[in-house]
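Quick look at run-v1.pdb (PDB, C-alpha atoms):
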MODEL        1
ATOM      1  CA  MET A   1     197.820 -34.395 104.735
ATOM      2  CA  SER A   2     194.253 -33.332 103.938
ATOM      3  CA  PRO A   3     193.433 -29.592 103.729
ATOM      4  CA  GLU A   4     191.142 -29.935 106.761
ATOM      5  CA  LEU A   5     193.906 -31.461 108.881
ATOM      6  CA  THR A   6     196.371 -28.783 107.701
ATOM      7  CA  GLY A   7     193.789 -26.166 108.644
ATOM      8  CA  ILE A   8     193.313 -27.656 112.111
ATOM      9  CA  PHE A   9     197.089 -27.734 112.662
ATOM     10  CA  ALA A  10     197.331 -24.076 111.543
ATOM     11  CA  LEU A  11     194.473 -23.154 113.873
ATOM     12  CA  VAL A  12     196.005 -24.955 116.856
ATOM     13  CA  ALA A  13     199.279 -23.127 116.096
ATOM     14  CA  ALA A  14     197.351 -19.808 115.876
ATOM     15  CA  VAL A  15     195.656 -20.452 119.231
ATOM     16  CA  THR A  16     198.995 -21.333 120.862
ATOM     17  CA  VAL A  17     200.697 -18.238 119.441
ATOM     18  CA  GLU A  18     197.786 -16.004 120.520
ATOM     19  CA  SER A  19     197.901 -17.380 124.062
ATOM     20  CA  PHE A  20     201.613 -16.585 124.263
ATOM     21  CA  ALA A  21     201.012 -13.151 122.683
ATOM     22  CA  GLN A  22     198.542 -12.340 125.472
ATOM     23  CA  MET A  23     201.025 -13.519 128.087
ATOM     24  CA  PHE A  24     203.804 -11.380 126.578
ATOM     25  CA  LEU A  25     201.496  -8.322 126.654
ATOM     26  CA  LYS A  26     200.642  -9.048 130.281
ATOM     27  CA  ILE A  27     204.353  -9.237 131.200
ATOM     28  CA  GLY A  28     204.943  -5.941 129.365
ATOM     29  CA  ALA A  29     201.948  -4.275 131.052
ATOM     30  CA  ALA A  30     203.129  -5.457 134.462
ATOM     31  CA  GLY A  31     206.511  -3.829 133.964
ATOM     32  CA  GLY A  32     208.667  -6.845 133.171
ATOM     33  CA  PRO A  33     209.403 -10.460 134.096
ATOM     34  CA  GLY A  34     208.978  -9.830 137.840
ATOM     35  CA  ILE A  35     205.432 -11.087 137.354
ATOM     36  CA  LEU A  36     206.637 -14.549 136.292
ATOM     37  CA  LEU A  37     206.923 -17.433 138.716
ATOM     38  CA  VAL A  38     210.501 -17.818 139.961
ATOM     39  CA  PRO A  39     211.719 -20.683 137.683
ATOM     40  CA  TYR A  40     210.507 -18.871 134.545
ATOM     41  CA  ARG A  41     211.858 -15.526 135.794
ATOM     42  CA  ARG A  42     215.295 -17.111 136.190
ATOM     43  CA  CYS A  43     214.996 -18.683 132.753
ATOM     44  CA  VAL A  44     214.156 -15.449 130.888
ATOM     45  CA  GLY A  45     216.681 -13.516 133.006
ATOM     46  CA  ARG A  46     219.419 -14.952 130.778
ATOM     47  CA  PHE A  47     218.245 -12.710 127.948
ATOM     48  CA  SER A  48     219.285  -9.081 128.237
ATOM     49  CA  PHE A  49     216.075  -7.750 126.649
ATOM     50  CA  SER A  50     213.877  -9.437 129.256
ATOM     51  CA  SER A  51     214.171  -6.664 131.848
ATOM     52  CA  ILE A  52     212.754  -4.057 129.439
ATOM     53  CA  ALA A  53     208.946  -3.996 129.627
ATOM     54  CA  ALA A  54     208.547  -2.525 126.112
ATOM     55  CA  SER A  55     210.400  -5.489 124.575
ATOM     56  CA  TRP A  56     207.660  -7.830 125.889
ATOM     57  CA  VAL A  57     204.987  -5.602 124.328
ATOM     58  CA  ILE A  58     206.850  -5.696 120.993
ATOM     59  CA  LEU A  59     207.161  -9.491 121.303
ATOM     60  CA  GLY A  60     203.406  -9.664 121.949
ATOM     61  CA  VAL A  61     202.590  -7.537 118.902
ATOM     62  CA  ILE A  62     204.899  -9.649 116.678
ATOM     63  CA  ALA A  63     203.229 -12.819 117.987
ATOM     64  CA  TYR A  64     199.827 -11.276 117.212
ATOM     65  CA  GLY A  65     200.943 -10.584 113.637
ATOM     66  CA  LEU A  66     201.971 -14.227 113.295
ATOM     67  CA  GLU A  67     198.664 -15.343 114.791
ATOM     68  CA  ILE A  68     196.682 -13.278 112.257
ATOM     69  CA  LEU A  69     198.623 -14.924 109.395
ATOM     70  CA  LEU A  70     198.070 -18.437 110.796
ATOM     71  CA  TYR A  71     194.376 -17.782 111.472
ATOM     72  CA  THR A  72     193.815 -16.326 107.988
ATOM     73  CA  PHE A  73     195.557 -19.381 106.484
ATOM     74  CA  ALA A  74     193.391 -21.705 108.601
ATOM     75  CA  LEU A  75     190.212 -19.874 107.523
ATOM     76  CA  HIS A  76     191.113 -20.584 103.882
ATOM     77  CA  LEU A  77     191.036 -24.312 104.671
ATOM     78  CA  LEU A  78     188.315 -24.638 107.283
ATOM     79  CA  ASP A  79     184.664 -23.787 107.586
ATOM     80  CA  VAL A  80     183.927 -20.861 109.924
ATOM     81  CA  SER A  81     181.681 -23.139 112.021
ATOM     82  CA  VAL A  82     184.799 -25.206 112.810
ATOM     83  CA  ALA A  83     187.386 -22.400 112.939
ATOM     84  CA  PHE A  84     185.413 -20.090 115.234
ATOM     85  CA  PRO A  85     184.887 -22.489 118.186
ATOM     86  CA  LEU A  86     188.396 -23.945 117.793
ATOM     87  CA  GLY A  87     189.799 -20.406 117.830
ATOM     88  CA  SER A  88     188.112 -19.781 121.160
ATOM     89  CA  LEU A  89     190.393 -22.447 122.666
ATOM     90  CA  CYS A  90     192.732 -19.475 123.259
ATOM     91  CA  PHE A  91     190.636 -18.808 126.400
ATOM     92  CA  VAL A  92     191.798 -22.186 127.684
ATOM     93  CA  GLY A  93     195.403 -21.564 126.574
ATOM     94  CA  VAL A  94     195.479 -18.165 128.297
ATOM     95  CA  ALA A  95     194.025 -19.593 131.522
ATOM     96  CA  MET A  96     196.624 -22.393 131.523
ATOM     97  CA  LEU A  97     199.583 -20.048 130.868
ATOM     98  CA  SER A  98     198.276 -17.551 133.443
ATOM     99  CA  LYS A  99     198.127 -20.261 136.095
ATOM    100  CA  MET A 100     201.304 -22.180 135.250
ATOM    101  CA  ILE A 101     203.691 -19.356 134.261
ATOM    102  CA  LEU A 102     202.272 -16.184 135.837
ATOM    103  CA  GLY A 103     201.011 -17.888 138.998
ATOM    104  CA  GLU A 104     197.541 -16.343 138.758
ATOM    105  CA  THR A 105     194.737 -17.806 140.850
ATOM    106  CA  VAL A 106     192.572 -19.748 138.388
ATOM    107  CA  GLY A 107     189.959 -21.544 140.450
ATOM    108  CA  LEU A 108     187.036 -23.792 139.620
ATOM    109  CA  ILE A 109     184.579 -20.909 139.012
ATOM    110  CA  ARG A 110     186.945 -19.277 136.507
ATOM    111  CA  TRP A 111     187.393 -22.613 134.697
ATOM    112  CA  LEU A 112     183.618 -23.054 134.688
ATOM    113  CA  GLY A 113     183.325 -19.604 133.090
ATOM    114  CA  VAL A 114     185.888 -20.484 130.428
ATOM    115  CA  GLY A 115     184.041 -23.767 129.770
ATOM    116  CA  CYS A 116     180.702 -21.966 129.322
ATOM    117  CA  ILE A 117     182.283 -19.484 126.870
ATOM    118  CA  LEU A 118     183.862 -22.339 124.921
ATOM    119  CA  VAL A 119     180.588 -24.258 124.561
ATOM    120  CA  GLY A 120     178.771 -20.974 123.868
ATOM    121  CA  THR A 121     181.000 -20.198 120.873
ATOM    122  CA  VAL A 122     180.196 -23.659 119.425
ATOM    123  CA  PHE A 123     176.477 -22.787 119.474
ATOM    124  CA  VAL A 124     177.044 -19.229 118.186
ATOM    125  CA  ALA A 125     178.995 -20.641 115.216
ATOM    126  CA  MET A 126     176.210 -23.128 114.314
TER     127      MET A 126
ATOM    128  CA  MET B   1     202.242 -16.364 149.242
ATOM    129  CA  LYS B   2     199.519 -14.782 147.157
ATOM    130  CA  ARG B   3     196.493 -12.719 148.016
ATOM    131  CA  ALA B   4     193.487 -12.084 145.821
ATOM    132  CA  GLN B   5     191.668  -8.785 145.274
ATOM    133  CA  THR B   6     187.921  -8.782 144.695
ATOM    134  CA  LYS B   7     186.706  -5.138 144.404
ATOM    135  CA  LEU B   8     186.807  -4.300 140.707
ATOM    136  CA  PRO B   9     188.139  -0.746 140.098
ATOM    137  CA  GLY B  10     186.212   1.557 137.790
ATOM    138  CA  ALA B  11     189.244   1.864 135.489
ATOM    139  CA  VAL B  12     189.149  -1.892 134.832
ATOM    140  CA  VAL B  13     185.390  -1.848 134.153
ATOM    141  CA  VAL B  14     185.773   1.067 131.708
ATOM    142  CA  GLY B  15     188.825  -0.582 130.111
ATOM    143  CA  LEU B  16     186.988  -3.884 129.596
ATOM    144  CA  MET B  17     183.951  -2.100 128.109
ATOM    145  CA  LEU B  18     186.183  -0.083 125.799
ATOM    146  CA  ALA B  19     188.004  -3.277 124.789
ATOM    147  CA  ILE B  20     184.704  -4.885 123.741
ATOM    148  CA  VAL B  21     183.609  -1.763 121.789
ATOM    149  CA  LEU B  22     186.969  -1.462 120.004
ATOM    150  CA  ASP B  23     187.102  -5.205 119.287
ATOM    151  CA  THR B  24     183.614  -5.064 117.785
ATOM    152  CA  PHE B  25     184.544  -2.057 115.640
ATOM    153  CA  ILE B  26     187.766  -3.728 114.434
ATOM    154  CA  GLN B  27     185.971  -6.933 113.441
ATOM    155  CA  ILE B  28     183.180  -5.128 111.564
ATOM    156  CA  ALA B  29     185.490  -2.582 109.896
ATOM    157  CA  TRP B  30     187.842  -5.404 108.859
ATOM    158  CA  LYS B  31     184.963  -7.427 107.426
ATOM    159  CA  LEU B  32     183.592  -4.411 105.507
ATOM    160  CA  ALA B  33     187.075  -3.504 104.240
ATOM    161  CA  VAL B  34     187.353  -6.871 102.450
ATOM    162  CA  SER B  35     183.646  -7.262 101.639
ATOM    163  CA  HIS B  36     184.152  -6.192  98.008
ATOM    164  CA  VAL B  37     186.871  -8.836  97.502
ATOM    165  CA  PRO B  38     185.573 -12.082  95.912
ATOM    166  CA  GLY B  39     185.469 -15.046  98.271
ATOM    167  CA  ASP B  40     187.789 -17.122  96.074
ATOM    168  CA  ALA B  41     190.436 -14.353  95.806
ATOM    169  CA  SER B  42     194.036 -15.146  96.710
ATOM    170  CA  LEU B  43     195.583 -13.960  99.947
ATOM    171  CA  ALA B  44     197.528 -11.245  98.043
ATOM    172  CA  ALA B  45     194.369 -10.038  96.266
ATOM    173  CA  THR B  46     192.534  -9.934  99.608
ATOM    174  CA  ALA B  47     195.370  -7.865 101.108
ATOM    175  CA  ARG B  48     195.325  -5.454  98.100
ATOM    176  CA  GLY B  49     191.559  -5.113  98.482
ATOM    177  CA  ALA B  50     191.918  -4.334 102.178
ATOM    178  CA  PHE B  51     194.682  -1.747 101.611
ATOM    179  CA  SER B  52     192.472   0.130  99.126
ATOM    180  CA  SER B  53     189.683   0.616 101.705
ATOM    181  CA  PRO B  54     189.683   3.531 104.208
ATOM    182  CA  LEU B  55     187.970   1.169 106.667
ATOM    183  CA  PHE B  56     191.135  -0.917 106.796
ATOM    184  CA  TYR B  57     193.080   2.100 108.078
ATOM    185  CA  ALA B  58     190.281   2.913 110.537
ATOM    186  CA  ALA B  59     190.556  -0.673 111.811
ATOM    187  CA  MET B  60     194.340  -0.309 112.166
ATOM    188  CA  LEU B  61     193.888   2.926 114.153
ATOM    189  CA  ALA B  62     191.378   1.177 116.394
ATOM    190  CA  PHE B  63     193.850  -1.694 116.754
ATOM    191  CA  GLY B  64     196.466   0.750 118.067
ATOM    192  CA  ALA B  65     193.949   2.203 120.529
ATOM    193  CA  GLN B  66     192.943  -1.313 121.524
ATOM    194  CA  LEU B  67     196.570  -2.251 122.255
ATOM    195  CA  TYR B  68     197.050   0.817 124.478
ATOM    196  CA  ASN B  69     193.741   0.217 126.285
ATOM    197  CA  TRP B  70     194.439  -3.498 126.722
ATOM    198  CA  LEU B  71     197.873  -2.848 128.259
ATOM    199  CA  ARG B  72     196.235  -0.532 130.773
ATOM    200  CA  VAL B  73     193.642  -3.200 131.641
ATOM    201  CA  LEU B  74     196.321  -5.884 132.008
ATOM    202  CA  ALA B  75     198.323  -3.580 134.276
ATOM    203  CA  ARG B  76     195.412  -3.663 136.719
ATOM    204  CA  ALA B  77     193.840  -7.108 136.308
ATOM    205  CA  ASP B  78     194.811 -10.755 135.887
ATOM    206  CA  LEU B  79     195.143 -11.912 132.292
ATOM    207  CA  SER B  80     192.957 -14.962 133.020
ATOM    208  CA  PHE B  81     190.294 -12.602 134.432
ATOM    209  CA  ALA B  82     190.306  -9.903 131.740
ATOM    210  CA  GLN B  83     190.756 -11.896 128.535
ATOM    211  CA  PRO B  84     187.515 -13.954 128.690
ATOM    212  CA  PHE B  85     185.515 -10.696 128.781
ATOM    213  CA  THR B  86     186.537 -10.145 125.153
ATOM    214  CA  ALA B  87     184.192 -13.045 124.270
ATOM    215  CA  LEU B  88     181.372 -10.518 124.694
ATOM    216  CA  SER B  89     182.465  -8.998 121.381
ATOM    217  CA  TYR B  90     181.266 -12.245 119.697
ATOM    218  CA  ILE B  91     177.789 -11.292 120.902
ATOM    219  CA  SER B  92     178.005  -7.631 119.863
ATOM    220  CA  VAL B  93     179.281  -8.588 116.387
ATOM    221  CA  LEU B  94     176.496 -11.174 116.047
ATOM    222  CA  ALA B  95     173.893  -8.609 117.154
ATOM    223  CA  ILE B  96     175.131  -5.909 114.749
ATOM    224  CA  SER B  97     175.456  -8.365 111.835
ATOM    225  CA  SER B  98     171.953  -9.756 112.430
ATOM    226  CA  HIS B  99     170.488  -6.245 112.749
ATOM    227  CA  SER B 100     172.163  -4.907 109.613
ATOM    228  CA  LEU B 101     171.253  -8.004 107.563
ATOM    229  CA  HIS B 102     167.715  -8.075 109.059
ATOM    230  CA  GLU B 103     168.217 -11.704 110.051
ATOM    231  CA  ASN B 104     166.670 -13.423 113.042
ATOM    232  CA  ILE B 105     169.052 -15.027 115.513
ATOM    233  CA  SER B 106     168.430 -18.786 115.635
ATOM    234  CA  ALA B 107     167.618 -20.627 118.865
ATOM    235  CA  SER B 108     171.038 -22.345 118.889
ATOM    236  CA  LYS B 109     172.802 -18.978 118.523
ATOM    237  CA  MET B 110     170.685 -17.545 121.343
ATOM    238  CA  PHE B 111     171.652 -20.507 123.530
ATOM    239  CA  GLY B 112     175.314 -19.818 122.708
ATOM    240  CA  VAL B 113     174.868 -16.139 123.620
ATOM    241  CA  VAL B 114     173.342 -17.126 126.972
ATOM    242  CA  LEU B 115     176.253 -19.513 127.663
ATOM    243  CA  ILE B 116     178.833 -16.821 126.844
ATOM    244  CA  PHE B 117     177.062 -14.363 129.156
ATOM    245  CA  LEU B 118     176.946 -17.035 131.860
ATOM    246  CA  GLY B 119     180.663 -17.762 131.416
ATOM    247  CA  VAL B 120     181.586 -14.076 131.690
ATOM    248  CA  PHE B 121     179.282 -13.766 134.728
ATOM    249  CA  PHE B 122     181.088 -16.657 136.452
ATOM    250  CA  ILE B 123     184.469 -15.066 135.738
ATOM    251  CA  SER B 124     183.286 -11.658 136.985
ATOM    252  CA  ARG B 125     182.524 -13.323 140.337
ATOM    253  CA  THR B 126     186.188 -14.326 140.799
ATOM    254  CA  PRO B 127     189.007 -12.130 142.224
ATOM    255  CA  PHE B 128     190.276  -9.832 139.481
ATOM    256  CA  TYR B 129     193.891  -9.610 140.594
ATOM    257  CA  THR B 130     196.406 -11.968 142.150
ATOM    258  CA  ALA B 131     199.053  -9.928 143.939
ATOM    259  CA  ASN B 132     202.303 -11.513 145.004
ATOM    260  CA  ALA B 133     202.912 -10.687 148.637
ATOM    261  CA  SER B 134     206.657 -11.243 148.147
ATOM    262  CA  GLY B 135     206.814  -7.769 146.579
ATOM    263  CA  ARG B 136     206.386  -8.478 142.876
ATOM    264  CA  ASP B 137     204.759  -5.121 142.250
ATOM    265  CA  GLN B 138     207.269  -3.169 144.300
ATOM    266  CA  ALA B 139     210.194  -4.865 142.553
ATOM    267  CA  ASN B 140     208.773  -4.061 139.120
ATOM    268  CA  PRO B 141     206.841  -0.801 139.290
ATOM    269  CA  ASN B 142     204.270  -0.765 136.593
ATOM    270  CA  LEU B 143     205.126   1.791 133.955
ATOM    271  CA  LEU B 144     201.575   1.927 132.624
ATOM    272  CA  ARG B 145     199.790   2.205 135.952
ATOM    273  CA  SER B 146     200.564   5.832 136.734
TER     274      SER B 146
ENDMDL
END

Just give me the structure of the file as structure tokens.
Amino acid sequence: MSPELTGIFALVAAVTVESFAQMFLKIGAAGGPGILLVPYRRCVGRFSFSSIAASWVILGVIAYGLEILLYTFALHLLDVSVAFPLGSLCFVGVAMLSKMILGETVGLIRWLGVGCILVGTVFVAM
Amino acid sequence: MKRAQTKLPGAVVVGLMLAIVLDTFIQIAWKLAVSHVPGDASLAATARGAFSSPLFYAAMLAFGAQLYNWLRVLARADLSFAQPFTALSYISVLAISSHSLHENISASKMFGVVLIFLGVFFISRTPFYTANASGRDQANPNLLRS
């Protein structure tokens, strides 16, 4: 596998981990898994730690640590002009997780906003 | 059944502004902390270089403050509403970097800045909080909201 492709894989992993880190922090801030949509609430309910809000914050911080490592690794292999816009895909990941798992209202205008930010970061990185 | 809230509380506005300021500080302090490390240095050498700089510890302190502030924002606003606002720190970092290096911002960068502003504007026009009418908040009182 070429270094560029390895870097892109590392960056996609970093974006995925960051999106989940944000979701974990949101669950912690909201006081626990009560914020999750019912199927996911039932799923995490099997784990004893899930009812403690602080454990979600800790999970979020650990995920952030992992994301920093993955992003730093990706930056060693990729040009900033590629890494920066790709990294902003976390806005898309967060919007998707917020809608699908937290049940937040993510309408067309919010998606349009995310799209503008995404394209904007491509131009800022040029 | 869900209902959306549209009037943005002052605490969320202040929290989002503080998040952008802290994010900008963290990025610049982090960059300055490793600025004396050669570009081709190993990951371990970069880490050693960062640990030897007081700015690294200032960035870590700001990171702690950012975490606390961000949890308070998320306690009051949707994640998909609040998180895109952090893109504004791209603009503040770009502005500070360009000012300190006395560089002009290119037309393409300016276009990107405008698009980011436009994106954040669109998001600011959407409801900031989706409350679950089935009693989500009552069932899980928010520890950070008090």

**Message:** Translate the PyMOL selection byres ((chain B and resi 9-21) around 6) into a concrete residue list for this structure, as a ChimeraX atom specification.
**Reply:** /B:8,22-24,73,86,89

**Message:** With only C-alpha atoms as the counted atoms, please give the residues lying no more than 6 Å from range 25-29 of chain B, apart from itself and same-chain residues fewer than 3 positions off, as a PyMOL selection string.
**Reply:** chain B and resi 22+32-33+55+59

**Item:** Hits of the ChimeraX specification (/B :<9) & /A in this structure, as a ChimeraX atom specification
**Value:** /A:22-23,25-36,53,57,61,72-73,76,88,91,94-99,103-107,109-126

Write to file, as an mmCIF file, in the coordinates of the input, the residues of the selection just made, with C-alpha atoms.
data_model
loop_
_atom_site.group_PDB
_atom_site.id
_atom_site.type_symbol
_atom_site.label_atom_id
_atom_site.label_comp_id
_atom_site.auth_asym_id
_atom_site.auth_seq_id
_atom_site.Cartn_x
_atom_site.Cartn_y
_atom_site.Cartn_z
ATOM 1 C CA GLN A 22 198.542 -12.340 125.472
ATOM 2 C CA MET A 23 201.025 -13.519 128.087
ATOM 3 C CA LEU A 25 201.496 -8.322 126.654
ATOM 4 C CA LYS A 26 200.642 -9.048 130.281
ATOM 5 C CA ILE A 27 204.353 -9.237 131.200
ATOM 6 C CA GLY A 28 204.943 -5.941 129.365
ATOM 7 C CA ALA A 29 201.948 -4.275 131.052
ATOM 8 C CA ALA A 30 203.129 -5.457 134.462
ATOM 9 C CA GLY A 31 206.511 -3.829 133.964
ATOM 10 C CA GLY A 32 208.667 -6.845 133.171
ATOM 11 C CA PRO A 33 209.403 -10.460 134.096
ATOM 12 C CA GLY A 34 208.978 -9.830 137.840
ATOM 13 C CA ILE A 35 205.432 -11.087 137.354
ATOM 14 C CA LEU A 36 206.637 -14.549 136.292
ATOM 15 C CA ALA A 53 208.946 -3.996 129.627
ATOM 16 C CA VAL A 57 204.987 -5.602 124.328
ATOM 17 C CA VAL A 61 202.590 -7.537 118.902
ATOM 18 C CA THR A 72 193.815 -16.326 107.988
ATOM 19 C CA PHE A 73 195.557 -19.381 106.484
ATOM 20 C CA HIS A 76 191.113 -20.584 103.882
ATOM 21 C CA SER A 88 188.112 -19.781 121.160
ATOM 22 C CA PHE A 91 190.636 -18.808 126.400
ATOM 23 C CA VAL A 94 195.479 -18.165 128.297
ATOM 24 C CA ALA A 95 194.025 -19.593 131.522
ATOM 25 C CA MET A 96 196.624 -22.393 131.523
ATOM 26 C CA LEU A 97 199.583 -20.048 130.868
ATOM 27 C CA SER A 98 198.276 -17.551 133.443
ATOM 28 C CA LYS A 99 198.127 -20.261 136.095
ATOM 29 C CA GLY A 103 201.011 -17.888 138.998
ATOM 30 C CA GLU A 104 197.541 -16.343 138.758
ATOM 31 C CA THR A 105 194.737 -17.806 140.850
ATOM 32 C CA VAL A 106 192.572 -19.748 138.388
ATOM 33 C CA GLY A 107 189.959 -21.544 140.450
ATOM 34 C CA ILE A 109 184.579 -20.909 139.012
ATOM 35 C CA ARG A 110 186.945 -19.277 136.507
ATOM 36 C CA TRP A 111 187.393 -22.613 134.697
ATOM 37 C CA LEU A 112 183.618 -23.054 134.688
ATOM 38 C CA GLY A 113 183.325 -19.604 133.090
ATOM 39 C CA VAL A 114 185.888 -20.484 130.428
ATOM 40 C CA GLY A 115 184.041 -23.767 129.770
ATOM 41 C CA CYS A 116 180.702 -21.966 129.322
ATOM 42 C CA ILE A 117 182.283 -19.484 126.870
ATOM 43 C CA LEU A 118 183.862 -22.339 124.921
ATOM 44 C CA VAL A 119 180.588 -24.258 124.561
ATOM 45 C CA GLY A 120 178.771 -20.974 123.868
ATOM 46 C CA THR A 121 181.000 -20.198 120.873
ATOM 47 C CA VAL A 122 180.196 -23.659 119.425
ATOM 48 C CA PHE A 123 176.477 -22.787 119.474
ATOM 49 C CA VAL A 124 177.044 -19.229 118.186
ATOM 50 C CA ALA A 125 178.995 -20.641 115.216
ATOM 51 C CA MET A 126 176.210 -23.128 114.314
#

**Output of the PyMOL selection byres ((chain A and resi 71) around 9), listed as a list in words** =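 In the shown coordinates, the PyMOL selection byres ((chain A and resi 71) around 9) covers Gly7, Ala10, Leu11, Ala13, Ala14, Val15, Leu66, Glu67, Ile68, Leu69, Leu70, Thr72, Phe73, Ala74, Leu75, His76, Ala83 and Gly87 of chain A.
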
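Going from CA of Thr6 in chain A to CA of Leu89 in chain A covers 17.3 Å.
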
**Selected residue of minimal separation from Glu4 in chain A among A:Leu86, A:Leu108, A:Val17, A:Leu77, counting all atoms listed in the file** =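 Distance minimum relative to Glu4 in chain A lands on A:Leu77.
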
**Distance of CA of Val92 in chain A from CA of Phe49 in chain A, expressed in Å to one decimal place** =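 Result for CA of Phe49 in chain A versus CA of Val92 in chain A: 28.3 Å, one decimal.
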
Complete the atoms of range 74-93 of chain A to N, CA and C atoms and put them out as a short mmCIF file (atom, residue, chain, number, x, y, z; two decimals), in the coordinates of the input.
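The resulting file, out-v2.cif, is reproduced below:
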data_model
loop_
_atom_site.label_atom_id
_atom_site.label_comp_id
_atom_site.auth_asym_id
_atom_site.auth_seq_id
_atom_site.Cartn_x
_atom_site.Cartn_y
_atom_site.Cartn_z
N ALA A 74 194.31 -20.66 108.14
CA ALA A 74 193.39 -21.70 108.60
C ALA A 74 191.98 -21.47 108.07
N LEU A 75 191.57 -20.19 108.00
CA LEU A 75 190.21 -19.87 107.52
C LEU A 75 190.03 -20.22 106.05
N HIS A 76 191.17 -20.21 105.30
CA HIS A 76 191.11 -20.58 103.88
C HIS A 76 190.81 -22.08 103.73
N LEU A 77 191.16 -22.86 104.76
CA LEU A 77 191.04 -24.31 104.67
C LEU A 77 189.87 -24.89 105.46
N LEU A 78 189.36 -24.11 106.40
CA LEU A 78 188.32 -24.64 107.28
C LEU A 78 187.04 -23.81 107.20
N ASP A 79 185.94 -24.48 107.50
CA ASP A 79 184.66 -23.79 107.59
C ASP A 79 184.64 -22.92 108.85
N VAL A 80 183.98 -21.77 108.77
CA VAL A 80 183.93 -20.86 109.92
C VAL A 80 183.32 -21.56 111.16
N SER A 81 182.34 -22.45 110.91
CA SER A 81 181.68 -23.14 112.02
C SER A 81 182.65 -24.05 112.78
N VAL A 82 183.76 -24.40 112.14
CA VAL A 82 184.80 -25.21 112.81
C VAL A 82 185.87 -24.26 113.38
N ALA A 83 186.28 -23.28 112.55
CA ALA A 83 187.39 -22.40 112.94
C ALA A 83 187.04 -21.52 114.14
N PHE A 84 185.81 -21.03 114.18
CA PHE A 84 185.41 -20.09 115.23
C PHE A 84 185.47 -20.72 116.64
N PRO A 85 184.80 -21.87 116.84
CA PRO A 85 184.89 -22.49 118.19
C PRO A 85 186.30 -22.96 118.52
N LEU A 86 187.02 -23.50 117.52
CA LEU A 86 188.40 -23.94 117.79
C LEU A 86 189.27 -22.76 118.18
N GLY A 87 189.03 -21.62 117.52
CA GLY A 87 189.80 -20.41 117.83
C GLY A 87 189.59 -19.93 119.26
N SER A 88 188.40 -20.23 119.79
CA SER A 88 188.11 -19.78 121.16
C SER A 88 188.85 -20.64 122.20
N LEU A 89 189.55 -21.67 121.74
CA LEU A 89 190.39 -22.45 122.67
C LEU A 89 191.50 -21.57 123.28
N CYS A 90 191.72 -20.38 122.69
CA CYS A 90 192.73 -19.48 123.26
C CYS A 90 192.35 -19.06 124.69
N PHE A 91 191.04 -19.10 125.01
CA PHE A 91 190.64 -18.81 126.40
C PHE A 91 191.20 -19.86 127.36
N VAL A 92 191.23 -21.10 126.87
CA VAL A 92 191.80 -22.19 127.68
C VAL A 92 193.32 -22.03 127.77
N GLY A 93 193.94 -21.74 126.61
CA GLY A 93 195.40 -21.56 126.57
C GLY A 93 195.86 -20.44 127.50
#
